[in-house]
Amino acid sequence: MIPESVLARTILALDTPNLGQACDWVQQYRDKVYAFKVGGALALGHGLPIVRTLREAGAERVFLDLKFHDIPHAVALAVRQAAECGVWMLTLHISGGVEMLRAARAAVEAFPQPPLLMGVTVLTSLDKAALRQLGVPRSPRAHALRLAQLAYDAGVDGVIASPQEARRLRRRFPEPFLIVTPGVRPAGFDVNDQKRTATPEQALRWGADYIVMGRALLQTKE
């Protein structure tokens with residue numbers, strides 16, 4: 001059973017291409033979790049109007065996790081479109097560069113309630129060997145810190161990082177800079193394709209503002 005105090009800082013990942021199933025999850029968890037995350041499966045299958053559909057189902061905050069990574073102009077257009085749909089938070093790959101991040105920031109400055117822009121550091125499915133294959137000589141932790149510094153300097157609102165980096169990130173970047181951690185699993189839960197994980201309690205204790213759970217929450221008995 002996951003404590004209410006943890007659920008109150010949890011973003012539930014709606015990892016399904018089935019909009020009806022996603023709406024059912026929203027209705028089931030809308031009074032328990034903080035927000036809901038939409039990824040490619042839902043967004044590509046149904047388009048950005050799903051944000052309105054999910055809101056009507058009870059999702060007060062929608063986190064659009066499409067990890068934009070393109071030339072600055074293209075990313076600015078995409079981010080502005082997401083903002084017009086009223087998303088609460090969205091993701092950008094920091095590896096797209098500081099100019100891209102700043103273009104995204106500028107694209108939403110005029111909105112009364114702009115979405116929170118979150119820079120993706122190192123995916124939780126990657127380990128040191130995988131980074132080496134990509135030509136990155138640093139450890140996941142060192143690389144995450146390096147990318148987070150770029151995001152901080154570019155003026156984005158926070159970063160997406162594994163819970164194993166959360167403690168060092170929080171020491172370096174004070175609030176209100178946000179840390180959101182996927183790769184979170186209750187003790188004893190299968191880690192699946194994740195490599196750098198922790199329990200929800202550990203992630204929050206180490207400095208995460210919000211944690212992301214999908215399968216790990218939906219398959220847990222309340």
# chains A, B, ... in the order shown; residues from 1 in each chain; ligands from 1
>>> residues_around(residues="Asp65 in chain A", least_positions_apart="3", cutoff="9 Å", atoms="only C-alpha atoms", output="list in words")
Lys37, Val38, Gly39, Gly40, Phe68, Met89, Leu90, Thr91 and Leu92 of chain A
>>> residues_around(residues="Val75 in chain A", least_positions_apart="6", cutoff="8 Å", atoms="only C-alpha atoms", output="mmCIF file with N, CA and C atoms, in the first residue's frame")
data_model
loop_
_atom_site.group_PDB
_atom_site.id
_atom_site.type_symbol
_atom_site.label_atom_id
_atom_site.label_comp_id
_atom_site.auth_asym_id
_atom_site.auth_seq_id
_atom_site.Cartn_x
_atom_site.Cartn_y
_atom_site.Cartn_z
ATOM 1 N N PHE A 68 10.492 16.919 -26.371
ATOM 2 C CA PHE A 68 10.829 17.638 -27.597
ATOM 3 C C PHE A 68 12.343 17.781 -27.752
ATOM 4 N N HIS A 69 12.808 17.532 -28.970
ATOM 5 C CA HIS A 69 14.244 17.599 -29.272
ATOM 6 C C HIS A 69 14.380 17.876 -30.766
ATOM 7 N N MET A 100 18.026 25.850 -27.878
ATOM 8 C CA MET A 100 16.707 25.233 -28.001
ATOM 9 C C MET A 100 15.880 25.455 -26.733
ATOM 10 N N ALA A 103 14.703 29.010 -26.539
ATOM 11 C CA ALA A 103 13.621 29.259 -27.498
ATOM 12 C C ALA A 103 12.298 28.747 -26.947
ATOM 13 N N ALA A 104 12.335 27.611 -26.273
ATOM 14 C CA ALA A 104 11.120 27.076 -25.650
ATOM 15 C C ALA A 104 10.624 28.000 -24.553
#
>>> select_by_dssp(residues="range 39-215 of chain A", states="strand (DSSP E or B)", output="PyMOL selection string")
chain A and resi 62-68+89-93+116-120+158-160+178-181+184+198+210-213
>>> residues_around(residues="range 142-146 of chain A", least_positions_apart="5", cutoff="12 Å", atoms="only C-alpha atoms", output="PyMOL selection string")
chain A and resi 93-95+119-124+126-128+131-132+135-137+151-153+159-173+179
>>> residues_around(residues="range 9-23 of chain A", least_positions_apart="4", cutoff="9 Å", atoms="only C-alpha atoms", output="PyMOL selection string")
chain A and resi 4-5+27-29+32-46+50+53-54+56-59+63+200+204+209-215+217-218
>>> write_last_selection(atoms="C-alpha atoms", output="CSV table (one decimal), in the first residue's frame")
chain,number,residue,atom,x,y,z
A,4,GLU,CA,-1.4,9.1,0.9
A,5,SER,CA,1.5,11.5,1.5
A,27,GLN,CA,-11.5,9.0,-12.6
A,28,GLN,CA,-10.2,6.4,-10.3
A,29,TYR,CA,-7.1,8.4,-9.1
A,32,LYS,CA,-5.4,10.6,-4.9
A,33,VAL,CA,-2.5,11.7,-7.1
A,34,TYR,CA,-1.2,15.2,-8.0
A,35,ALA,CA,-1.2,15.0,-11.8
A,36,PHE,CA,-1.4,12.7,-14.8
A,37,LYS,CA,1.3,12.1,-17.5
A,38,VAL,CA,0.5,11.7,-21.2
A,39,GLY,CA,3.1,10.1,-23.4
A,40,GLY,CA,3.4,9.3,-27.1
A,41,ALA,CA,1.0,6.4,-27.1
A,42,LEU,CA,-2.0,8.6,-26.2
A,43,ALA,CA,-0.8,11.8,-27.8
A,44,LEU,CA,0.0,10.3,-31.2
A,45,GLY,CA,-3.2,8.2,-31.2
A,46,HIS,CA,-5.6,10.9,-30.3
A,50,ILE,CA,-7.0,14.6,-25.3
A,53,THR,CA,-10.8,15.1,-22.6
A,54,LEU,CA,-8.7,14.1,-19.7
A,56,GLU,CA,-13.2,16.7,-18.3
A,57,ALA,CA,-12.6,13.3,-16.8
A,58,GLY,CA,-11.1,14.9,-13.7
A,59,ALA,CA,-7.4,15.5,-14.5
A,63,PHE,CA,1.9,16.5,-17.9
A,200,PRO,CA,8.9,6.3,-3.7
A,204,LEU,CA,11.1,12.0,-2.1
A,209,ASP,CA,9.5,17.3,-5.8
A,210,TYR,CA,7.3,14.8,-7.7
A,211,ILE,CA,7.6,11.2,-8.6
A,212,VAL,CA,6.3,9.4,-11.7
A,213,MET,CA,4.7,6.0,-11.4
A,214,GLY,CA,2.6,4.0,-13.9
A,215,ARG,CA,2.6,0.3,-13.8
A,217,LEU,CA,1.0,2.2,-9.0
A,218,LEU,CA,-1.7,0.7,-11.1
>>> closest_residue(among="A:Ala208, A:Val87, A:Ala148, A:Leu101", to="Ile71 in chain A", atoms="only C-alpha atoms")
A:Leu101
>>> atom_distance(atom1="CA of Gly86 in chain A", atom2="CA of Pro114 in chain A")
8.1 Å
>>> closest_residue(among="A:Ala198, A:Val26, A:Leu117, A:Gly97", to="Leu66 in chain A", atoms="only C-alpha atoms")
A:Leu117
>>> select_by_dssp(residues="range 97-198 of chain A", states="helix (DSSP H, G or I)", output="MDAnalysis selection string")
chainID A and resid 98:108 128:133 140:154 163:172
>>> write_last_selection(atoms="C-alpha atoms", output="tab-separated table (two decimals), in the first residue's frame")
chain	number	residue	atom	x	y	z
A	98	VAL	CA	20.81	25.78	-24.56
A	99	GLU	CA	19.57	27.71	-27.59
A	100	MET	CA	16.71	25.23	-28.00
A	101	LEU	CA	15.81	25.47	-24.30
A	102	ARG	CA	15.81	29.26	-24.39
A	103	ALA	CA	13.62	29.26	-27.50
A	104	ALA	CA	11.12	27.08	-25.65
A	105	ARG	CA	11.18	29.44	-22.69
A	106	ALA	CA	10.59	32.46	-24.91
A	107	ALA	CA	7.72	30.71	-26.70
A	108	VAL	CA	5.55	30.55	-23.56
A	128	LYS	CA	27.10	3.64	-17.81
A	129	ALA	CA	27.62	1.03	-20.55
A	130	ALA	CA	24.74	2.45	-22.60
A	131	LEU	CA	26.13	5.98	-22.30
A	132	ARG	CA	29.54	4.75	-23.41
A	133	GLN	CA	27.93	3.31	-26.56
A	140	PRO	CA	24.88	8.64	-15.58
A	141	ARG	CA	25.11	10.71	-12.40
A	142	ALA	CA	27.88	12.97	-13.70
A	143	HIS	CA	26.18	13.40	-17.05
A	144	ALA	CA	22.82	14.19	-15.42
A	145	LEU	CA	24.46	16.89	-13.31
A	146	ARG	CA	26.17	18.38	-16.34
A	147	LEU	CA	22.93	18.51	-18.33
A	148	ALA	CA	20.99	19.86	-15.36
A	149	GLN	CA	23.42	22.77	-15.12
A	150	LEU	CA	22.69	23.63	-18.77
A	151	ALA	CA	18.96	23.51	-18.08
A	152	TYR	CA	19.32	25.69	-15.00
A	153	ASP	CA	21.41	28.24	-16.90
A	154	ALA	CA	18.84	28.29	-19.73
A	163	PRO	CA	15.97	9.23	-8.08
A	164	GLN	CA	19.61	8.21	-7.76
A	165	GLU	CA	20.65	11.69	-8.92
A	166	ALA	CA	18.03	13.60	-6.93
A	167	ARG	CA	20.14	14.20	-3.82
A	168	ARG	CA	23.06	15.78	-5.67
A	169	LEU	CA	20.74	17.77	-7.89
A	170	ARG	CA	18.93	19.24	-4.92
A	171	ARG	CA	22.20	20.18	-3.24
A	172	ARG	CA	23.32	22.07	-6.33
>>> closest_residue(among="A:Leu116, A:Ala110, A:Val51, A:Arg205", to="Pro176 in chain A", atoms="only C-alpha atoms")
A:Leu116
>>> closest_residue(among="A:Ala203, A:Ala216, A:Val156, A:Ala82", to="Pro186 in chain A", atoms="only C-alpha atoms")
A:Ala216
